[in-house]
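Trainee: Contents of my_file-v7.tsv (TSV, C-alpha atoms) are given next:
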chain	number	residue	atom	x	y	z
A	1	MET	CA	122.28	114.66	72.26
A	2	THR	CA	123.15	112.25	75.08
A	3	LYS	CA	120.52	109.99	76.58
A	4	ARG	CA	120.84	108.19	79.87
A	5	THR	CA	119.01	105.24	81.33
A	6	ASP	CA	117.57	105.37	84.82
A	7	PRO	CA	117.97	101.94	86.49
A	8	ALA	CA	114.78	102.38	88.52
A	9	ARG	CA	112.78	103.10	85.38
A	10	THR	CA	114.38	100.13	83.61
A	11	THR	CA	113.34	97.84	86.46
A	12	ALA	CA	109.78	99.14	86.28
A	13	SER	CA	109.72	98.65	82.50
A	14	LYS	CA	110.87	95.05	82.78
A	15	ALA	CA	108.29	94.38	85.47
A	16	SER	CA	105.53	95.65	83.24
A	17	LYS	CA	106.52	93.03	80.67
A	18	GLY	CA	105.98	90.14	83.03
A	19	ALA	CA	108.89	90.06	85.48
A	20	PRO	CA	108.00	90.24	89.19
A	21	LEU	CA	107.46	93.76	90.46
A	22	VAL	CA	109.73	95.06	93.19
A	23	ALA	CA	108.37	97.49	95.76
A	24	THR	CA	110.37	100.70	95.55
A	25	ALA	CA	109.85	104.23	96.79
A	26	ILE	CA	111.31	106.51	94.12
A	27	GLY	CA	113.12	109.29	95.93
A	28	PRO	CA	114.27	109.84	99.51
A	29	VAL	CA	112.04	109.43	102.51
A	30	GLY	CA	110.86	112.78	103.80
A	31	GLY	CA	109.90	116.12	102.33
A	32	GLY	CA	106.19	115.44	101.94
A	33	LEU	CA	106.41	115.22	98.12
A	34	PRO	CA	104.67	112.62	95.93
A	35	ARG	CA	106.49	109.37	95.23
A	36	ALA	CA	105.73	106.46	92.91
A	37	ILE	CA	105.38	103.11	94.65
A	38	GLU	CA	105.63	99.97	92.52
A	39	GLY	CA	104.94	96.35	93.38
A	40	ALA	CA	101.66	94.60	94.04
A	41	ASP	CA	102.50	93.75	97.65
A	42	ALA	CA	103.24	97.39	98.49
A	43	VAL	CA	100.28	99.01	96.72
A	44	PRO	CA	96.63	99.16	97.91
A	45	PHE	CA	94.30	97.11	95.70
A	46	ARG	CA	97.43	95.29	94.47
A	47	GLY	CA	97.78	97.87	91.71
A	48	ARG	CA	100.64	98.12	89.23
A	49	THR	CA	101.69	101.51	90.60
A	50	ALA	CA	100.53	104.02	93.20
A	51	ILE	CA	101.30	107.66	93.83
A	52	ARG	CA	101.40	108.55	97.51
A	53	LEU	CA	103.26	110.82	99.90
A	54	ILE	CA	106.38	109.89	101.82
A	55	PRO	CA	105.88	109.91	104.77
A	56	ASP	CA	102.55	108.22	104.10
A	57	LEU	CA	99.57	110.42	105.02
A	58	GLY	CA	96.95	107.86	104.05
A	59	ILE	CA	96.15	109.13	100.55
A	60	ALA	CA	97.09	107.40	97.31
A	61	SER	CA	96.08	107.06	93.67
A	62	VAL	CA	96.33	103.44	92.55
A	63	PHE	CA	96.71	102.52	88.88
A	64	GLY	CA	95.79	99.11	87.47
A	65	PRO	CA	94.01	97.76	90.59
A	66	ALA	CA	93.33	94.05	90.98
A	67	ARG	CA	89.82	92.90	90.14
A	68	ILE	CA	89.37	91.38	93.63
A	69	TRP	CA	91.11	92.74	96.73
A	70	SER	CA	90.90	92.52	100.50
A	71	ASP	CA	92.99	94.59	102.90
A	72	ASP	CA	95.72	92.67	104.72
A	73	ALA	CA	97.42	95.68	106.33
A	74	PRO	CA	98.75	95.07	109.85
A	75	VAL	CA	96.31	97.63	111.32
A	76	GLU	CA	92.55	98.00	110.96
A	77	ARG	CA	91.78	100.96	108.69
A	78	LEU	CA	88.86	103.14	107.75
A	79	LEU	CA	88.73	103.44	103.97
A	80	LEU	CA	87.29	105.97	101.56
A	81	VAL	CA	87.73	104.64	98.01
A	82	ARG	CA	86.77	106.38	94.77
A	83	PRO	CA	87.06	104.90	91.26
A	84	ALA	CA	87.94	107.41	88.54
A	85	ALA	CA	85.85	105.36	86.11
A	86	GLY	CA	84.09	102.00	86.13
A	87	ARG	CA	82.33	100.22	88.99
A	88	LEU	CA	83.65	99.36	92.47
A	89	GLN	CA	81.81	97.05	94.84
A	90	VAL	CA	82.43	96.13	98.47
A	91	THR	CA	81.00	93.15	100.34
A	92	GLN	CA	81.23	92.88	104.11
A	93	GLY	CA	79.21	90.95	106.68
A	94	GLY	CA	76.66	89.79	104.14
A	95	ARG	CA	76.01	93.31	102.83
A	96	THR	CA	77.05	94.56	99.38
A	97	LEU	CA	77.32	98.16	98.23
A	98	ALA	CA	78.63	99.55	94.93
A	99	CYS	CA	79.51	102.88	93.36
A	100	CYS	CA	80.42	104.10	89.88
A	101	SER	CA	82.75	106.69	88.37
A	102	ARG	CA	83.81	109.42	90.83
A	103	ASP	CA	81.34	108.36	93.54
A	104	ALA	CA	82.98	106.93	96.68
A	105	LEU	CA	82.54	104.15	99.20
A	106	LEU	CA	83.09	104.75	102.92
A	107	VAL	CA	84.09	101.51	104.68
A	108	ALA	CA	84.43	101.85	108.45
A	109	ALA	CA	86.63	98.77	108.93
A	110	SER	CA	88.83	97.31	106.21
A	111	ARG	CA	89.22	93.82	107.65
A	112	GLY	CA	86.66	91.41	106.27
A	113	ALA	CA	85.76	93.73	103.39
A	114	VAL	CA	86.16	92.32	99.87
A	115	PHE	CA	86.33	94.74	96.94
A	116	ALA	CA	85.48	93.91	93.32
A	117	ALA	CA	86.49	96.31	90.54
A	118	THR	CA	85.01	96.28	87.04
A	119	GLY	CA	86.42	98.50	84.31
A	120	VAL	CA	88.47	100.47	86.86
A	121	GLU	CA	91.90	101.81	85.87
A	122	ARG	CA	92.46	104.13	88.84
A	123	ILE	CA	91.22	104.18	92.44
A	124	ASP	CA	91.80	107.12	94.78
A	125	VAL	CA	92.21	105.91	98.36
A	126	LEU	CA	92.10	107.50	101.80
A	127	ALA	CA	93.11	104.96	104.49
A	128	LEU	CA	93.14	105.99	108.16
A	129	ASP	CA	94.28	103.95	111.16
A	130	ARG	CA	91.13	103.33	113.22
A	131	THR	CA	93.05	103.53	116.49
A	132	ARG	CA	93.91	107.19	115.76
A	133	LEU	CA	90.37	108.31	114.93
A	134	SER	CA	88.14	110.52	117.07
A	135	GLU	CA	84.37	110.95	117.04
A	136	PRO	CA	82.28	110.64	114.98
A	137	LEU	CA	84.52	108.36	112.92
A	138	ALA	CA	85.75	106.36	115.92
A	139	GLY	CA	82.19	105.43	116.85
A	140	LEU	CA	81.29	103.76	113.56
A	141	ASP	CA	80.38	100.09	113.73
A	142	ALA	CA	82.83	97.76	112.03
A	143	GLY	CA	80.23	96.83	109.40
A	144	PHE	CA	79.31	100.41	108.48
A	145	LEU	CA	79.19	101.06	104.72
A	146	ARG	CA	78.03	104.17	102.88
A	147	ARG	CA	78.07	105.40	99.30
A	148	VAL	CA	79.01	109.08	98.87
A	149	GLU	CA	77.75	110.79	95.73
A	150	ARG	CA	80.28	112.56	93.52
A	151	ASP	CA	78.55	115.95	93.90
A	152	HIS	CA	78.80	116.00	97.70
A	153	PRO	CA	80.69	119.27	98.49
A	154	GLY	CA	82.74	117.58	101.21
A	155	LEU	CA	83.88	114.82	98.85
A	156	GLN	CA	84.74	117.38	96.17
A	157	THR	CA	86.83	119.41	98.64
A	158	LEU	CA	88.57	116.33	100.02
A	159	THR	CA	89.31	115.08	96.49
A	160	ALA	CA	90.75	118.44	95.40
A	161	TYR	CA	92.82	118.71	98.59
A	162	ALA	CA	94.23	115.20	98.18
A	163	ALA	CA	94.99	115.87	94.50
A	164	GLY	CA	96.91	119.02	95.45
A	165	LEU	CA	98.97	117.02	97.93
A	166	LEU	CA	99.70	114.24	95.44
A	167	ARG	CA	100.59	116.79	92.75
A	168	GLY	CA	103.18	118.32	95.08
A	169	LEU	CA	101.34	121.65	95.13
A	170	ILE	CA	100.70	121.43	98.89
A	171	PRO	CA	103.96	120.13	100.39
A	172	ALA	CA	103.88	118.81	103.96
A	173	ALA	CA	107.59	119.11	104.61
A	174	THR	CA	107.71	118.75	108.42
A	175	PRO	CA	106.14	116.30	110.91
A	176	ALA	CA	103.97	119.12	112.29
A	177	LEU	CA	102.62	119.98	108.83
A	178	ALA	CA	102.07	116.29	108.07
A	179	GLU	CA	100.01	115.96	111.24
A	180	LEU	CA	97.93	119.02	110.28
A	181	VAL	CA	97.26	117.43	106.89
A	182	ARG	CA	96.07	114.24	108.59
A	183	GLN	CA	93.73	116.31	110.75
A	184	HIS	CA	92.35	118.16	107.72
A	185	LEU	CA	91.66	114.90	105.89
A	186	THR	CA	89.99	113.42	108.97
A	187	GLN	CA	87.85	116.53	109.52
A	188	LEU	CA	86.68	116.55	105.92
A	189	LEU	CA	85.75	112.88	106.19
A	190	ALA	CA	83.88	113.57	109.45
A	191	LEU	CA	81.92	116.33	107.67
A	192	ILE	CA	80.96	113.90	104.90
A	193	LEU	CA	79.74	111.44	107.54
A	194	ARG	CA	77.80	113.99	109.61
A	195	GLU	CA	76.11	115.72	106.68
A	196	PRO	CA	75.37	113.16	103.97
A	197	ASP	CA	72.86	115.47	102.24
A	198	LEU	CA	75.02	118.60	102.25
A	199	GLN	CA	74.39	120.82	99.22
A	200	ALA	CA	76.74	123.39	97.70
A	201	ASP	CA	75.70	127.06	97.83
A	202	ALA	CA	77.59	127.95	94.66
A	203	PRO	CA	76.52	126.69	91.21
A	204	ALA	CA	78.23	123.52	90.00
A	205	PRO	CA	81.24	123.99	87.71
A	206	LYS	CA	80.62	123.75	83.98
A	207	ARG	CA	81.15	120.31	82.48
A	208	ARG	CA	83.99	121.62	80.26
A	209	ASP	CA	85.81	122.97	83.31
A	210	GLN	CA	85.38	119.66	85.12
A	211	ARG	CA	86.69	117.76	82.11
A	212	ILE	CA	89.86	119.84	81.69
A	213	GLN	CA	90.56	119.58	85.41
A	214	ALA	CA	90.14	115.79	85.19
A	215	LEU	CA	92.58	115.71	82.28
A	216	LYS	CA	95.14	117.78	84.17
A	217	ALA	CA	94.74	115.58	87.25
A	218	GLU	CA	95.33	112.51	85.08
A	219	VAL	CA	98.53	114.09	83.75
A	220	GLU	CA	99.69	114.92	87.28
A	221	GLN	CA	99.20	111.34	88.43
A	222	ARG	CA	101.26	110.02	85.51
A	223	LEU	CA	103.83	112.82	85.41
A	224	GLY	CA	106.78	110.71	86.51
A	225	SER	CA	106.09	107.99	83.96
A	226	PRO	CA	108.26	108.19	80.83
A	227	ASP	CA	105.43	106.70	78.74
A	228	LEU	CA	103.00	109.54	79.53
A	229	SER	CA	101.48	110.60	76.22
A	230	LEU	CA	98.38	112.09	74.65
A	231	ASP	CA	97.20	108.59	73.74
A	232	THR	CA	97.62	107.13	77.25
A	233	VAL	CA	95.66	109.99	78.81
A	234	ALA	CA	92.96	109.73	76.14
A	235	GLN	CA	92.60	106.02	76.80
A	236	ALA	CA	92.45	106.51	80.58
A	237	GLN	CA	89.83	109.28	80.29
A	238	ARG	CA	87.94	107.47	77.53
A	239	ILE	CA	87.89	110.36	75.08
A	240	SER	CA	89.69	110.96	71.81
A	241	SER	CA	93.12	112.53	71.47
A	242	ARG	CA	91.60	115.20	69.24
A	243	GLN	CA	89.14	116.19	71.98
A	244	ILE	CA	91.98	116.55	74.47
A	245	GLN	CA	93.96	118.74	72.09
A	246	ALA	CA	90.90	120.93	71.49
A	247	MET	CA	90.28	121.38	75.24
A	248	PHE	CA	93.87	122.39	75.93
A	249	GLN	CA	93.80	124.78	72.98
A	250	ALA	CA	90.68	126.37	74.46
A	251	GLU	CA	92.80	127.00	77.58
A	252	GLY	CA	95.43	128.76	75.48
A	253	GLU	CA	98.01	125.98	75.72
A	254	THR	CA	98.91	122.60	74.27
A	255	PHE	CA	98.90	119.17	75.88
A	256	SER	CA	102.65	118.71	75.38
A	257	GLY	CA	103.35	122.22	76.66
A	258	PHE	CA	101.35	121.56	79.83
A	259	VAL	CA	103.17	118.28	80.48
A	260	LEU	CA	106.58	119.91	79.98
A	261	ALA	CA	105.74	122.86	82.25
A	262	ARG	CA	104.49	120.63	85.05
A	263	ARG	CA	107.54	118.36	84.84
A	264	LEU	CA	109.84	121.36	85.02
A	265	ASP	CA	107.89	122.83	87.95
A	266	ARG	CA	108.05	119.54	89.82
A	267	ALA	CA	111.79	119.30	89.13
A	268	MET	CA	112.20	122.80	90.57
A	269	GLN	CA	110.32	121.74	93.71
A	270	ARG	CA	112.62	118.75	94.15
A	271	LEU	CA	115.78	120.74	93.46
A	272	THR	CA	114.86	123.34	96.08
A	273	ASP	CA	113.81	120.73	98.64
A	274	GLY	CA	116.59	120.59	101.21
A	275	ALA	CA	115.51	117.07	102.22
A	276	ASP	CA	116.14	115.70	98.71
A	277	PRO	CA	119.92	115.28	98.23
A	278	ARG	CA	119.79	113.34	94.95
A	279	PRO	CA	121.81	114.49	91.93
A	280	VAL	CA	120.17	116.52	89.19
A	281	GLY	CA	120.01	113.57	86.80
A	282	ALA	CA	118.10	111.37	89.25
A	283	ILE	CA	115.54	114.12	89.83
A	284	ALA	CA	115.14	114.67	86.08
A	285	PHE	CA	114.40	110.98	85.55
A	286	ASP	CA	112.05	110.94	88.55
A	287	VAL	CA	109.81	113.64	87.06
A	288	GLY	CA	109.59	111.91	83.70
A	289	PHE	CA	112.50	113.18	81.58
A	290	GLY	CA	114.41	110.55	79.61
A	291	ASP	CA	116.96	112.91	78.09
A	292	LEU	CA	119.19	114.88	80.46
A	293	SER	CA	120.36	117.34	77.80
A	294	TYR	CA	116.78	118.17	76.88
A	295	PHE	CA	115.92	118.61	80.57
A	296	ASN	CA	118.82	121.02	81.16
A	297	ARG	CA	117.99	123.04	78.06
A	298	THR	CA	114.25	123.40	78.73
A	299	PHE	CA	114.85	124.06	82.44
A	300	ARG	CA	117.18	126.95	81.66
A	301	ARG	CA	114.78	128.33	79.05
A	302	ARG	CA	111.92	128.33	81.58
A	303	PHE	CA	113.73	129.58	84.69
A	304	GLY	CA	116.81	131.38	83.42
A	305	LEU	CA	119.19	129.19	85.42
A	306	THR	CA	120.50	125.66	85.00
A	307	PRO	CA	119.43	122.96	87.47
A	308	SER	CA	122.95	122.88	88.91
A	309	GLN	CA	122.88	126.65	89.51
A	310	VAL	CA	119.58	126.29	91.37
A	311	ARG	CA	121.14	123.67	93.62
A	312	ARG	CA	124.14	125.90	94.38
A	313	SER	CA	122.25	129.15	94.95
A	314	PRO	CA	119.57	129.21	97.68
A	315	GLU	CA	118.84	132.89	97.01
A	316	GLN	CA	118.11	132.36	93.34
A	317	ALA	CA	116.21	129.20	94.16
A	318	GLY	CA	113.96	131.16	96.49
A	319	ARG	CA	113.25	133.70	93.79
A	320	LEU	CA	112.43	130.95	91.33
A	321	GLN	CA	110.13	129.18	93.80
A	322	ALA	CA	108.14	132.42	94.01
A	323	ALA	CA	108.00	132.44	90.21
A	324	ILE	CA	106.61	128.89	90.25
A	325	ALA	CA	103.88	129.96	92.67
A	326	ASP	CA	102.97	132.90	90.44
A	327	ALA	CA	102.91	130.70	87.34
A	328	THR	CA	100.76	128.09	89.06
A	329	ALA	CA	98.33	130.76	90.27
A	330	GLY	CA	98.09	132.14	86.74
A	331	SER	CA	97.42	128.67	85.33
A	332	ASP	CA	94.68	128.06	87.90
A	333	ALA	CA	93.11	131.41	87.09
A	334	ARG	CA	93.04	130.60	83.36
A	335	SER	CA	91.31	127.30	83.98
A	336	ALA	CA	88.81	128.69	86.52
Would you mind giving the structure from this file in structure tokens?

Mentor:
Amino acid sequence: MTKRTDPARTTASKASKGAPLVATAIGPVGGGLPRAIEGADAVPFRGRTAIRLIPDLGIASVFGPARIWSDDAPVERLLLVRPAAGRLQVTQGGRTLACCSRDALLVAASRGAVFAATGVERIDVLALDRTRLSEPLAGLDAGFLRRVERDHPGLQTLTAYAAGLLRGLIPAATPALAELVRQHLTQLLALILREPDLQADAPAPKRRDQRIQALKAEVEQRLGSPDLSLDTVAQAQRISSRQIQAMFQAEGETFSGFVLARRLDRAMQRLTDGADPRPVGAIAFDVGFGDLSYFNRTFRRRFGLTPSQVRRSPEQAGRLQAAIADATAGSDARSA
């Protein structure tokens, strides 16, 4: 079995061992699919790595954020920041506000705001150029700060929508679609601002359902990393590996099976994306495979065609994309 080394992954590995990080966007610009961005200077909160969309739509998940951070972007931004776990604090104009796991902070103007993170491994970020905002967001004072509780329906919808985008399940493949996505994100944020006490009509999801969705979201964020494992997810979610295995078994699948299926599905999305001209091997490495032979074999077993055949046959690729949609819908139904 032949193994190949991806130079981009090798660079990232060396950086993690102490060498300076280099800012790189893995994959071609365009297509509205998630990309890994590495390098402290290129990542919000000076994190080790971030997952965001190219072109940038303002949303990102940042891993390994710095303990202290202030925004030095060239434009003034409105920020909504949400720690997956731990405590995040912002200080601006003599006022301090903090939130904990899965709550969020709304910061009307990023300049002059200083963030302090404690026990935070991942921060989800929505950053919007203030010059492009409309009311009511445009009318916020520069010192406006607000904490948004995790059970706010608007925050839950925005979080799920952003996760779908970052998972590649909601591609924004044209400038017009990208602009619609920006509008949706802005409208959801405006709803959160206008109705801070909004309550959901439907009963809250069961804790077990929330936990399995959090686990799957964690996997999606780390999908392109070759060191994704049961142990790394367990550590990030602060539960035992045995608990994770039990929860996936309750869903009728295994952790390793879920990871493999999602990597193959993401590879199919990239292979059928006309804006992504990279060779099959580069795409395989990008979605987390370290062994090209294993990728080819499992891809053919799942879809009935090799990756090269998918690239050469638009008709078959279209049929297989429909199969991906059906499989994803079935997976969502099982976990509902």

Trainee: Env of Asp197 (chain A): 12 Å cut, atoms = only C-alpha atoms, seq-sep filter 6 positions within chain, self excluded. Answer as number ranges by chain.

Mentor: A: 147-155, 191

Trainee: Now that the selection is made, can you save its residues with C-alpha atoms as a PDB file, in the coordinates of the input?

Mentor:
ATOM      1  CA  ARG A 147      78.070 105.400  99.300  1.00  0.00           C
ATOM      2  CA  VAL A 148      79.010 109.080  98.870  1.00  0.00           C
ATOM      3  CA  GLU A 149      77.750 110.790  95.730  1.00  0.00           C
ATOM      4  CA  ARG A 150      80.280 112.560  93.520  1.00  0.00           C
ATOM      5  CA  ASP A 151      78.550 115.950  93.900  1.00  0.00           C
ATOM      6  CA  HIS A 152      78.800 116.000  97.700  1.00  0.00           C
ATOM      7  CA  PRO A 153      80.690 119.270  98.490  1.00  0.00           C
ATOM      8  CA  GLY A 154      82.740 117.580 101.210  1.00  0.00           C
ATOM      9  CA  LEU A 155      83.880 114.820  98.850  1.00  0.00           C
ATOM     10  CA  LEU A 191      81.920 116.330 107.670  1.00  0.00           C
TER      11      LEU A 191
END

Trainee: Taking (85.7, 93.5, 101.2) as a centre in this file's frame and 8 Å as the limit, can you find every polymer residue with an atom that close, using only C-alpha atoms, and give them as number ranges by chain?

Mentor: A: 69-71, 90-92, 110-116

Trainee: Which residues are near Arg302 (chain A)? Cut-off 10 Å, all atoms listed in the file, ignore same chain within fewer than 3 positions. Put them as a PyMOL selection string.

Mentor: chain A and resi 261+264-265+297-299+305-306

Trainee: Pull the neighbourhood of (107.7, 109.9, 82.1) for me: all residues within 10 Å in file coordinates, counting all atoms listed in the file, as number ranges by chain.

Mentor: A: 9, 222-229, 259, 263, 284-290

Trainee: Please provide the set of residues having any atom within 9 Å of Phe258 (chain A), restricted to all atoms listed in the file, with same-chain residues fewer than 5 positions apart removed, written as a list in words.

Mentor: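 Everything that qualifies: Lys216, Val219, Phe248, Glu253 and Arg263 of chain A.
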
Trainee: What does the distance from CA of Tyr161 (chain A) to CA of Pro196 (chain A) come to in Å, to one decimal?

Mentor: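 Between these atoms lies a distance of 19.1 Å.
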
Trainee: Quote the spacing between CA of Arg262 (chain A) and CA of Ile123 (chain A) in Å to one decimal place.

Mentor: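 Computed distance, CA of Arg262 (chain A) to CA of Ile123 (chain A), equals 22.4 Å.
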
Trainee: Of the candidates A:Arg266, A:Arg82, A:Arg312, A:Arg102, which one gets nearest to Leu126 (chain A) if we count all atoms listed in the file?

Mentor: A:Arg82

Trainee: Using CA of Gln235 (chain A) and CA of Phe255 (chain A) as the two end points, give the distance in Å to one decimal.

Mentor: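 Atom-to-atom, CA of Gln235 (chain A) and CA of Phe255 (chain A) are spaced 14.6 Å apart.
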
Trainee: Excluding same-chain residues fewer than 2 positions from Ser308 (chain A), what lies within 12 Å of it counting only C-alpha atoms, as number ranges by chain?

Mentor: A: 267-268, 271-272, 278-281, 283-284, 295-297, 299-300, 304-306, 310-314, 316-317

Trainee: Between A:Ala160, A:Leu180, A:Leu80, A:Ala98, which residue has the minimum interatomic distance to Ala217 (chain A), considering all atoms listed in the file?

Mentor: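 Distance minimum relative to Ala217 (chain A) lands on A:Ala160.
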